[in-house]
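*Asks:* Have a look at this one before I ask anything.
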Amino acid sequence: MPEPAGRSAAWIAGGILAVALVFTIAVTTPWHLIDLPKPDATLDFTTAEIARQNAFRHEILPWSTASWIISLVVPLVIGFTPLGRRLYDALHVRLWFIAVPITVAGVVLITSLLTVPTDVLAERVSLKYGLSVENWRLWVWDRGINWAITSLGLAVVAVILMAFAKIWRRSWWLPGAIVAALLVLGVSFAYPVLIEPRFNHFTSMPAGAQRNEFLQLAKQDGVPVKDVLVADASKRTTALNAYVSGFGSTRRLVVYDTLLKDTPPAQVRLVVAHELGHAAADDVLHGTLIGVLGTAFGITLLYLLLGNRMADPRRAALLVALVAAATTLASPVQNLVSRKIEARADYHSLRLTNDPQNFVALQHDLAVQNISGLDPSRWRYWMFADHPTPPERIAMGRAWGTENGDPVPPLVKR
């Protein structure tokens, strides 16, 4: 029998979206910027620094890995077995558009609760090493906010897709893909003003020489920046960081207050130059558009997997499981692209500041303060590393310095 028209159209649309996604990633990702020497942590990190990093990771990785496994396995087990349908039935709620969000929130809550023991043990390691300074009340609050945001996002998608499947049983993938893609675009745009304030308080950097220097650096770079915001990250961590989020009118440049506390001004300048590199290349918008294509493709694939069965609200837990599986499968590609984007921002900061000496010192100091992994195993690198490793970033700084007549010697004297 020939396939129904809806499935044929979905196959064609899915193929087009897949090609567009692969083509966009292939063409827009900065695959090569500069020839790099082989990264070597022993050139720039002392034996004691390497030993501390190894000890930290030896203590924390069993717990963080266990949490990751639990957070993946639990929704898969619930969603792909009768447990998901039983959870829905146990609610005894007649209105499906109310029962579905409760089911979704329930699956996310069960998952979150089952990861509490391993997450607590991981947090204790971070506290022991001084990376975390968060009190347990705030830690619980953060988990609650994460649960609420995740549940809300998944519930909205589930209700919309099931409503469309009930209305357009053979072609729900088309409005579903369009609306889901628009949601990705909208969430990315609104994230800085809707989500980030749930976790941190932001203030404008006080007027002064450093703020003026950052704004002048942005002007020199041709990047319109109206303000530099400071996040009160020190209530949670001693880690140093900065980031750019949003796009268009919601784009913001944020630095952690921890970064401004003790970091040498020349290094802070390099961090800001890195973030300006993201802004100059519109990396947030670029990533959002890739997410739009990926989401539209995912909805089309979901239709090919479930078809009319998407209209059944008892499959809410299955949808959560499929999202968890898809997110995990996409992680290596997302991380690969992210590492290349971050490398381009590093390259941008070197070109803007012409300061490879402080760049190498910055990457060393960031790695030591943040206890970053210097040589992660290959599977961890592909599954979790969204930035180049510190030795890889140092290798870029050293290569750029050599290429531009300012060679950087090893930081560890032999």
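The way I read the labels, and the way they are meant: chains A, B, ... in the order of the structure tokens, residue 1 as the first residue of every chain, and ligand 1 as the first ligand shown, with later ones counted on from there.
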If we count only C-alpha atoms, what is near Glu123 in chain A at a cut-off of 12 Å, once residues fewer than 4 positions away on the same chain are taken out, given as a PyMOL selection string?
*Replies:* chain A and resi 56+59-61+63-64+67+115-119+127-136+139-140+236-237
*Asks:* List the spatial neighbours of Ala158 in chain A as a PyMOL selection string - criterion: any atom at most 8 Å away, only C-alpha atoms, same-chain residues fewer than 5 positions off excluded.
*Replies:* chain A and resi 100-101+316+319
*Asks:* Mind writing the picked residues with N, CA and C atoms as a short mmCIF file (atom, residue, chain, number, x, y, z; two decimals), in the first residue's frame?
*Replies:*
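Saved result, result-v5.cif, follows:
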```cif
data_model
loop_
_atom_site.label_atom_id
_atom_site.label_comp_id
_atom_site.auth_asym_id
_atom_site.auth_seq_id
_atom_site.Cartn_x
_atom_site.Cartn_y
_atom_site.Cartn_z
N VAL A 100 -1.95 16.19 31.11
CA VAL A 100 -0.66 16.08 30.42
C VAL A 100 0.42 16.90 31.13
N PRO A 101 0.18 18.19 31.44
CA PRO A 101 1.23 18.93 32.16
C PRO A 101 1.58 18.32 33.52
N ALA A 316 2.20 11.15 27.05
CA ALA A 316 2.95 12.32 27.49
C ALA A 316 4.34 11.94 28.01
N LEU A 319 6.75 11.19 25.26
CA LEU A 319 7.31 12.38 24.64
C LEU A 319 8.50 12.90 25.44
#
```
*Asks:* Need the shell around range 295-303 of chain A: protein/DNA/RNA residues with any atom at most 7 Å away, counting only C-alpha atoms. Skip same-chain ones fewer than 2 positions apart. Format as a ChimeraX atom specification?
*Replies:* /A:10,14,17-18,173,176-178,180-181,291-293,305-307
*Asks:* Kindly save the residues from that selection, with N, CA, C and O atoms included, as a PDB file, in the first residue's frame.
*Replies:*
```
ATOM      1  N   ALA A  10       5.819  14.401   5.081  1.00  0.00           N
ATOM      2  CA  ALA A  10       6.706  14.492   6.236  1.00  0.00           C
ATOM      3  C   ALA A  10       8.097  13.951   5.910  1.00  0.00           C
ATOM      4  O   ALA A  10       9.112  14.515   6.340  1.00  0.00           O
ATOM      5  N   GLY A  14      11.194  16.266   6.137  1.00  0.00           N
ATOM      6  CA  GLY A  14      12.267  15.850   7.035  1.00  0.00           C
ATOM      7  C   GLY A  14      13.598  15.766   6.323  1.00  0.00           C
ATOM      8  O   GLY A  14      14.641  16.177   6.864  1.00  0.00           O
ATOM      9  N   LEU A  17      14.823  19.330   5.694  1.00  0.00           N
ATOM     10  CA  LEU A  17      15.305  19.932   6.937  1.00  0.00           C
ATOM     11  C   LEU A  17      16.639  19.335   7.375  1.00  0.00           C
ATOM     12  O   LEU A  17      17.521  20.054   7.867  1.00  0.00           O
ATOM     13  N   ALA A  18      16.792  18.019   7.201  1.00  0.00           N
ATOM     14  CA  ALA A  18      18.054  17.372   7.572  1.00  0.00           C
ATOM     15  C   ALA A  18      19.204  17.906   6.725  1.00  0.00           C
ATOM     16  O   ALA A  18      20.295  18.213   7.241  1.00  0.00           O
ATOM     17  N   TRP A 173       2.346  17.467  11.987  1.00  0.00           N
ATOM     18  CA  TRP A 173       3.776  17.760  12.021  1.00  0.00           C
ATOM     19  C   TRP A 173       4.086  19.158  11.479  1.00  0.00           C
ATOM     20  O   TRP A 173       5.037  19.813  11.950  1.00  0.00           O
ATOM     21  N   GLY A 176       3.017  21.807  13.975  1.00  0.00           N
ATOM     22  CA  GLY A 176       3.835  21.499  15.143  1.00  0.00           C
ATOM     23  C   GLY A 176       5.272  21.962  14.963  1.00  0.00           C
ATOM     24  O   GLY A 176       5.872  22.548  15.874  1.00  0.00           O
ATOM     25  N   ALA A 177       5.832  21.703  13.770  1.00  0.00           N
ATOM     26  CA  ALA A 177       7.216  22.111  13.495  1.00  0.00           C
ATOM     27  C   ALA A 177       7.339  23.628  13.487  1.00  0.00           C
ATOM     28  O   ALA A 177       8.307  24.192  14.015  1.00  0.00           O
ATOM     29  N   ILE A 178       6.348  24.295  12.904  1.00  0.00           N
ATOM     30  CA  ILE A 178       6.391  25.757  12.824  1.00  0.00           C
ATOM     31  C   ILE A 178       6.316  26.376  14.221  1.00  0.00           C
ATOM     32  O   ILE A 178       7.123  27.242  14.583  1.00  0.00           O
ATOM     33  N   ALA A 180       6.847  24.923  17.201  1.00  0.00           N
ATOM     34  CA  ALA A 180       7.992  24.545  18.042  1.00  0.00           C
ATOM     35  C   ALA A 180       9.229  25.361  17.673  1.00  0.00           C
ATOM     36  O   ALA A 180       9.988  25.798  18.558  1.00  0.00           O
ATOM     37  N   ALA A 181       9.445  25.579  16.380  1.00  0.00           N
ATOM     38  CA  ALA A 181      10.575  26.388  15.935  1.00  0.00           C
ATOM     39  C   ALA A 181      10.446  27.827  16.433  1.00  0.00           C
ATOM     40  O   ALA A 181      11.421  28.441  16.880  1.00  0.00           O
ATOM     41  N   GLY A 291      19.167  25.717  16.170  1.00  0.00           N
ATOM     42  CA  GLY A 291      18.172  25.082  17.025  1.00  0.00           C
ATOM     43  C   GLY A 291      16.795  25.067  16.400  1.00  0.00           C
ATOM     44  O   GLY A 291      16.036  24.098  16.551  1.00  0.00           O
ATOM     45  N   VAL A 292      16.450  26.121  15.670  1.00  0.00           N
ATOM     46  CA  VAL A 292      15.160  26.182  14.978  1.00  0.00           C
ATOM     47  C   VAL A 292      15.071  25.078  13.932  1.00  0.00           C
ATOM     48  O   VAL A 292      14.070  24.351  13.849  1.00  0.00           O
ATOM     49  N   LEU A 293      16.127  24.933  13.133  1.00  0.00           N
ATOM     50  CA  LEU A 293      16.135  23.875  12.121  1.00  0.00           C
ATOM     51  C   LEU A 293      16.097  22.495  12.768  1.00  0.00           C
ATOM     52  O   LEU A 293      15.358  21.606  12.326  1.00  0.00           O
ATOM     53  N   LEU A 305       7.627   8.798  13.679  1.00  0.00           N
ATOM     54  CA  LEU A 305       7.705   7.740  14.689  1.00  0.00           C
ATOM     55  C   LEU A 305       6.345   7.417  15.285  1.00  0.00           C
ATOM     56  O   LEU A 305       5.996   6.252  15.492  1.00  0.00           O
ATOM     57  N   LEU A 306       5.545   8.437  15.574  1.00  0.00           N
ATOM     58  CA  LEU A 306       4.295   8.238  16.312  1.00  0.00           C
ATOM     59  C   LEU A 306       3.045   8.396  15.463  1.00  0.00           C
ATOM     60  O   LEU A 306       2.012   7.788  15.776  1.00  0.00           O
ATOM     61  N   GLY A 307       3.108   9.217  14.436  1.00  0.00           N
ATOM     62  CA  GLY A 307       1.925   9.422  13.598  1.00  0.00           C
ATOM     63  C   GLY A 307       0.741   9.907  14.404  1.00  0.00           C
ATOM     64  O   GLY A 307       0.851  10.791  15.267  1.00  0.00           O
TER      65      GLY A 307
END
```
*Asks:* Looking only at the backbone, which of the residues in range 247-303 of chain A does DSSP tag as alpha helix (DSSP H), as an MDAnalysis selection string?
*Replies:* chainID A and resid 257:262 265:280 283:303
*Asks:* CA of Asp227 in chain A to CA of Ile195 in chain A: how many Å, to one decimal?
*Replies:*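 Value for the CA of Asp227 in chain A-CA of Ile195 in chain A distance: 19.2 Å.
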*Asks:* Identify, on the basis of only C-alpha atoms, every residue whose closest approach to range 27-40 of chain A does not exceed 8 Å; exclude the query and any residue fewer than 6 positions from it along the same chain; express the result as a PyMOL selection string.
*Replies:* chain A and resi 337+340-341+344+347+391-392+394-396+399-400
*Asks:* For those residues, write all heavy atoms to a file as an mmCIF file, in the first residue's frame.
*Replies:*
```cif
data_model
loop_
_atom_site.group_PDB
_atom_site.id
_atom_site.type_symbol
_atom_site.label_atom_id
_atom_site.label_comp_id
_atom_site.auth_asym_id
_atom_site.auth_seq_id
_atom_site.Cartn_x
_atom_site.Cartn_y
_atom_site.Cartn_z
ATOM 1 N N VAL A 337 30.266 21.760 17.557
ATOM 2 C CA VAL A 337 30.042 23.091 16.996
ATOM 3 C C VAL A 337 30.368 24.163 18.035
ATOM 4 O O VAL A 337 31.021 25.173 17.735
ATOM 5 C CB VAL A 337 28.585 23.242 16.509
ATOM 6 C CG1 VAL A 337 28.307 24.678 16.078
ATOM 7 C CG2 VAL A 337 28.317 22.284 15.354
ATOM 8 N N LYS A 340 34.084 24.840 18.418
ATOM 9 C CA LYS A 340 34.616 25.626 17.305
ATOM 10 C C LYS A 340 34.216 27.098 17.432
ATOM 11 O O LYS A 340 35.012 27.996 17.127
ATOM 12 C CB LYS A 340 34.114 25.052 15.979
ATOM 13 C CG LYS A 340 34.581 23.633 15.690
ATOM 14 C CD LYS A 340 36.090 23.547 15.623
ATOM 15 C CE LYS A 340 36.556 22.127 15.306
ATOM 16 N NZ LYS A 340 38.038 22.017 15.244
ATOM 17 N N ILE A 341 32.982 27.346 17.872
ATOM 18 C CA ILE A 341 32.517 28.715 18.068
ATOM 19 C C ILE A 341 33.316 29.393 19.178
ATOM 20 O O ILE A 341 33.716 30.565 19.069
ATOM 21 C CB ILE A 341 31.011 28.729 18.413
ATOM 22 C CG1 ILE A 341 30.182 28.189 17.237
ATOM 23 C CG2 ILE A 341 30.562 30.128 18.809
ATOM 24 C CD1 ILE A 341 30.244 29.012 15.995
ATOM 25 N N ARG A 344 36.692 30.329 17.960
ATOM 26 C CA ARG A 344 36.659 31.554 17.155
ATOM 27 C C ARG A 344 36.608 32.794 18.053
ATOM 28 O O ARG A 344 37.249 33.810 17.757
ATOM 29 C CB ARG A 344 35.450 31.548 16.223
ATOM 30 C CG ARG A 344 35.343 32.806 15.361
ATOM 31 C CD ARG A 344 34.270 32.691 14.318
ATOM 32 N NE ARG A 344 32.945 32.538 14.900
ATOM 33 C CZ ARG A 344 31.854 32.225 14.199
ATOM 34 N NH1 ARG A 344 31.955 32.019 12.885
ATOM 35 N NH2 ARG A 344 30.689 32.101 14.786
ATOM 36 N N TYR A 347 40.038 33.378 19.309
ATOM 37 C CA TYR A 347 40.844 33.959 18.227
ATOM 38 C C TYR A 347 40.521 35.441 18.069
ATOM 39 O O TYR A 347 41.406 36.272 17.862
ATOM 40 C CB TYR A 347 40.572 33.196 16.936
ATOM 41 C CG TYR A 347 41.525 33.497 15.811
ATOM 42 C CD1 TYR A 347 42.853 33.080 15.864
ATOM 43 C CD2 TYR A 347 41.099 34.199 14.680
ATOM 44 C CE1 TYR A 347 43.727 33.349 14.828
ATOM 45 C CE2 TYR A 347 41.967 34.464 13.638
ATOM 46 C CZ TYR A 347 43.281 34.043 13.713
ATOM 47 O OH TYR A 347 44.144 34.314 12.679
ATOM 48 N N PRO A 391 44.426 23.386 27.855
ATOM 49 C CA PRO A 391 45.631 23.247 27.031
ATOM 50 C C PRO A 391 45.386 23.557 25.554
ATOM 51 O O PRO A 391 46.276 24.092 24.874
ATOM 52 C CB PRO A 391 46.022 21.774 27.231
ATOM 53 C CG PRO A 391 45.491 21.432 28.585
ATOM 54 C CD PRO A 391 44.176 22.161 28.658
ATOM 55 N N GLU A 392 44.190 23.244 25.041
ATOM 56 C CA GLU A 392 43.878 23.573 23.647
ATOM 57 C C GLU A 392 43.791 25.084 23.462
ATOM 58 O O GLU A 392 44.264 25.627 22.451
ATOM 59 C CB GLU A 392 42.562 22.915 23.238
ATOM 60 C CG GLU A 392 42.659 21.413 23.056
ATOM 61 C CD GLU A 392 41.306 20.759 22.778
ATOM 62 O OE1 GLU A 392 40.269 21.306 23.223
ATOM 63 O OE2 GLU A 392 41.289 19.699 22.132
ATOM 64 N N ILE A 394 45.272 27.354 25.343
ATOM 65 C CA ILE A 394 46.633 27.879 25.491
ATOM 66 C C ILE A 394 47.430 27.645 24.211
ATOM 67 O O ILE A 394 48.202 28.519 23.777
ATOM 68 C CB ILE A 394 47.322 27.230 26.707
ATOM 69 C CG1 ILE A 394 46.714 27.782 28.001
ATOM 70 C CG2 ILE A 394 48.831 27.461 26.680
ATOM 71 C CD1 ILE A 394 47.200 27.093 29.265
ATOM 72 N N ALA A 395 47.243 26.489 23.586
ATOM 73 C CA ALA A 395 47.938 26.198 22.328
ATOM 74 C C ALA A 395 47.566 27.227 21.263
ATOM 75 O O ALA A 395 48.426 27.640 20.465
ATOM 76 C CB ALA A 395 47.590 24.787 21.853
ATOM 77 N N MET A 396 46.294 27.659 21.236
ATOM 78 C CA MET A 396 45.910 28.696 20.270
ATOM 79 C C MET A 396 46.633 30.008 20.566
ATOM 80 O O MET A 396 47.144 30.670 19.656
ATOM 81 C CB MET A 396 44.407 28.917 20.269
ATOM 82 C CG MET A 396 43.988 30.114 19.427
ATOM 83 S SD MET A 396 42.226 30.367 19.271
ATOM 84 C CE MET A 396 41.836 29.116 18.046
ATOM 85 N N ALA A 399 50.187 29.667 19.510
ATOM 86 C CA ALA A 399 50.313 29.667 18.047
ATOM 87 C C ALA A 399 50.116 31.073 17.489
ATOM 88 O O ALA A 399 50.847 31.498 16.589
ATOM 89 C CB ALA A 399 49.300 28.708 17.436
ATOM 90 N N TRP A 400 49.131 31.792 18.032
ATOM 91 C CA TRP A 400 48.888 33.156 17.557
ATOM 92 C C TRP A 400 50.074 34.057 17.877
ATOM 93 O O TRP A 400 50.497 34.879 17.048
ATOM 94 C CB TRP A 400 47.622 33.707 18.196
ATOM 95 C CG TRP A 400 47.113 34.944 17.498
ATOM 96 C CD1 TRP A 400 46.211 35.008 16.485
ATOM 97 C CD2 TRP A 400 47.493 36.298 17.784
ATOM 98 N NE1 TRP A 400 46.006 36.320 16.118
ATOM 99 C CE2 TRP A 400 46.780 37.138 16.899
ATOM 100 C CE3 TRP A 400 48.366 36.883 18.706
ATOM 101 C CZ2 TRP A 400 46.912 38.522 16.906
ATOM 102 C CZ3 TRP A 400 48.511 38.270 18.712
ATOM 103 C CH2 TRP A 400 47.781 39.067 17.833
#
```
*Asks:* Env of Ser204 in chain A: 8 Å cut, atoms = only C-alpha atoms, seq-sep filter 3 positions within chain, self excluded. Answer as a ChimeraX atom specification.
*Replies:* /A:227-230
*Asks:* Limited to N, CA, C and O atoms, could you put the picked residues into a file as a PDB file, in the first residue's frame?
*Replies:*
```
ATOM      1  N   ASP A 227      25.602  48.502  27.658  1.00  0.00           N
ATOM      2  CA  ASP A 227      25.892  48.339  29.075  1.00  0.00           C
ATOM      3  C   ASP A 227      26.639  47.032  29.293  1.00  0.00           C
ATOM      4  O   ASP A 227      26.584  46.116  28.458  1.00  0.00           O
ATOM      5  N   VAL A 228      27.359  46.963  30.384  1.00  0.00           N
ATOM      6  CA  VAL A 228      27.993  45.729  30.841  1.00  0.00           C
ATOM      7  C   VAL A 228      27.362  45.383  32.182  1.00  0.00           C
ATOM      8  O   VAL A 228      27.369  46.206  33.111  1.00  0.00           O
ATOM      9  N   LEU A 229      26.784  44.180  32.278  1.00  0.00           N
ATOM     10  CA  LEU A 229      26.088  43.778  33.488  1.00  0.00           C
ATOM     11  C   LEU A 229      26.972  42.869  34.343  1.00  0.00           C
ATOM     12  O   LEU A 229      27.770  42.087  33.819  1.00  0.00           O
ATOM     13  N   VAL A 230      26.796  42.987  35.652  1.00  0.00           N
ATOM     14  CA  VAL A 230      27.539  42.159  36.599  1.00  0.00           C
ATOM     15  C   VAL A 230      26.546  41.248  37.308  1.00  0.00           C
ATOM     16  O   VAL A 230      25.541  41.719  37.862  1.00  0.00           O
TER      17      VAL A 230
END
```
*Asks:* Near range 363-379 of chain A, counting only C-alpha atoms, which residues have an atom at most 7 Å away, once you skip same-chain residues fewer than 3 positions from it, shown as a list in words?
*Replies:* Ala41, Glu49, Gln53, Leu131, Ala239, Leu240, Phe359, Val360, Trp382, Met383, Thr389, Pro390, Pro391, Arg393 and Ile394 of chain A
*Asks:* Might you pull out every residue within 10 Å of Asn404 in chain A, with only C-alpha atoms counted and same-chain residues fewer than 3 positions away left off, and present them as a ChimeraX atom specification?
*Replies:* /A:351,354,356,398-401,407
*Asks:* Pull all heavy atoms from the residues just selected and write them as a PDB file, in the first residue's frame.
*Replies:*
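What landed in out-v8.pdb:
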```
ATOM      1  N   ARG A 351      43.030  38.767  18.408  1.00  0.00           N
ATOM      2  CA  ARG A 351      43.159  39.789  17.367  1.00  0.00           C
ATOM      3  C   ARG A 351      42.798  41.166  17.899  1.00  0.00           C
ATOM      4  O   ARG A 351      43.423  42.170  17.524  1.00  0.00           O
ATOM      5  CB  ARG A 351      42.262  39.430  16.179  1.00  0.00           C
ATOM      6  CG  ARG A 351      42.687  38.162  15.450  1.00  0.00           C
ATOM      7  CD  ARG A 351      41.701  37.821  14.342  1.00  0.00           C
ATOM      8  NE  ARG A 351      41.629  38.890  13.343  1.00  0.00           N
ATOM      9  CZ  ARG A 351      40.703  38.968  12.404  1.00  0.00           C
ATOM     10  NH1 ARG A 351      39.743  38.052  12.361  1.00  0.00           N
ATOM     11  NH2 ARG A 351      40.703  39.954  11.526  1.00  0.00           N
ATOM     12  N   ASN A 354      45.618  41.828  20.914  1.00  0.00           N
ATOM     13  CA  ASN A 354      47.023  41.629  20.556  1.00  0.00           C
ATOM     14  C   ASN A 354      47.855  41.355  21.814  1.00  0.00           C
ATOM     15  O   ASN A 354      48.917  41.947  22.029  1.00  0.00           O
ATOM     16  CB  ASN A 354      47.571  42.853  19.802  1.00  0.00           C
ATOM     17  CG  ASN A 354      48.935  42.597  19.186  1.00  0.00           C
ATOM     18  OD1 ASN A 354      49.271  41.452  18.851  1.00  0.00           O
ATOM     19  ND2 ASN A 354      49.732  43.653  19.038  1.00  0.00           N
ATOM     20  N   PRO A 356      48.878  37.940  23.467  1.00  0.00           N
ATOM     21  CA  PRO A 356      48.944  36.484  23.694  1.00  0.00           C
ATOM     22  C   PRO A 356      49.541  36.108  25.043  1.00  0.00           C
ATOM     23  O   PRO A 356      49.221  35.059  25.593  1.00  0.00           O
ATOM     24  CB  PRO A 356      49.816  35.996  22.534  1.00  0.00           C
ATOM     25  CG  PRO A 356      50.653  37.175  22.161  1.00  0.00           C
ATOM     26  CD  PRO A 356      49.764  38.365  22.375  1.00  0.00           C
ATOM     27  N   ARG A 398      49.416  30.448  22.090  1.00  0.00           N
ATOM     28  CA  ARG A 398      50.840  30.308  21.783  1.00  0.00           C
ATOM     29  C   ARG A 398      51.065  30.337  20.273  1.00  0.00           C
ATOM     30  O   ARG A 398      52.019  30.958  19.785  1.00  0.00           O
ATOM     31  CB  ARG A 398      51.345  29.012  22.414  1.00  0.00           C
ATOM     32  CG  ARG A 398      52.840  28.829  22.340  1.00  0.00           C
ATOM     33  CD  ARG A 398      53.328  27.797  23.346  1.00  0.00           C
ATOM     34  NE  ARG A 398      53.451  28.374  24.698  1.00  0.00           N
ATOM     35  CZ  ARG A 398      52.905  27.846  25.777  1.00  0.00           C
ATOM     36  NH1 ARG A 398      52.206  26.732  25.706  1.00  0.00           N
ATOM     37  NH2 ARG A 398      53.071  28.436  26.946  1.00  0.00           N
ATOM     38  N   ALA A 399      50.187  29.667  19.510  1.00  0.00           N
ATOM     39  CA  ALA A 399      50.313  29.667  18.047  1.00  0.00           C
ATOM     40  C   ALA A 399      50.116  31.073  17.489  1.00  0.00           C
ATOM     41  O   ALA A 399      50.847  31.498  16.589  1.00  0.00           O
ATOM     42  CB  ALA A 399      49.300  28.708  17.436  1.00  0.00           C
ATOM     43  N   TRP A 400      49.131  31.792  18.032  1.00  0.00           N
ATOM     44  CA  TRP A 400      48.888  33.156  17.557  1.00  0.00           C
ATOM     45  C   TRP A 400      50.074  34.057  17.877  1.00  0.00           C
ATOM     46  O   TRP A 400      50.497  34.879  17.048  1.00  0.00           O
ATOM     47  CB  TRP A 400      47.622  33.707  18.196  1.00  0.00           C
ATOM     48  CG  TRP A 400      47.113  34.944  17.498  1.00  0.00           C
ATOM     49  CD1 TRP A 400      46.211  35.008  16.485  1.00  0.00           C
ATOM     50  CD2 TRP A 400      47.493  36.298  17.784  1.00  0.00           C
ATOM     51  NE1 TRP A 400      46.006  36.320  16.118  1.00  0.00           N
ATOM     52  CE2 TRP A 400      46.780  37.138  16.899  1.00  0.00           C
ATOM     53  CE3 TRP A 400      48.366  36.883  18.706  1.00  0.00           C
ATOM     54  CZ2 TRP A 400      46.912  38.522  16.906  1.00  0.00           C
ATOM     55  CZ3 TRP A 400      48.511  38.270  18.712  1.00  0.00           C
ATOM     56  CH2 TRP A 400      47.781  39.067  17.833  1.00  0.00           C
ATOM     57  N   GLY A 401      50.641  33.906  19.078  1.00  0.00           N
ATOM     58  CA  GLY A 401      51.790  34.715  19.451  1.00  0.00           C
ATOM     59  C   GLY A 401      52.982  34.456  18.547  1.00  0.00           C
ATOM     60  O   GLY A 401      53.659  35.394  18.094  1.00  0.00           O
ATOM     61  N   PRO A 407      56.138  35.364  20.707  1.00  0.00           N
ATOM     62  CA  PRO A 407      56.075  33.995  21.210  1.00  0.00           C
ATOM     63  C   PRO A 407      55.907  33.959  22.725  1.00  0.00           C
ATOM     64  O   PRO A 407      56.448  34.797  23.451  1.00  0.00           O
ATOM     65  CB  PRO A 407      57.416  33.386  20.789  1.00  0.00           C
ATOM     66  CG  PRO A 407      58.312  34.555  20.591  1.00  0.00           C
ATOM     67  CD  PRO A 407      57.444  35.668  20.107  1.00  0.00           C
TER      68      PRO A 407
END
```
*Asks:* So the first atom is CA of Thr203 in chain A and the second is CA of Val272 in chain A; what is the distance between them in Å, to one decimal place?
*Replies:*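 Computing it gives 16.5 Å between the two atoms.
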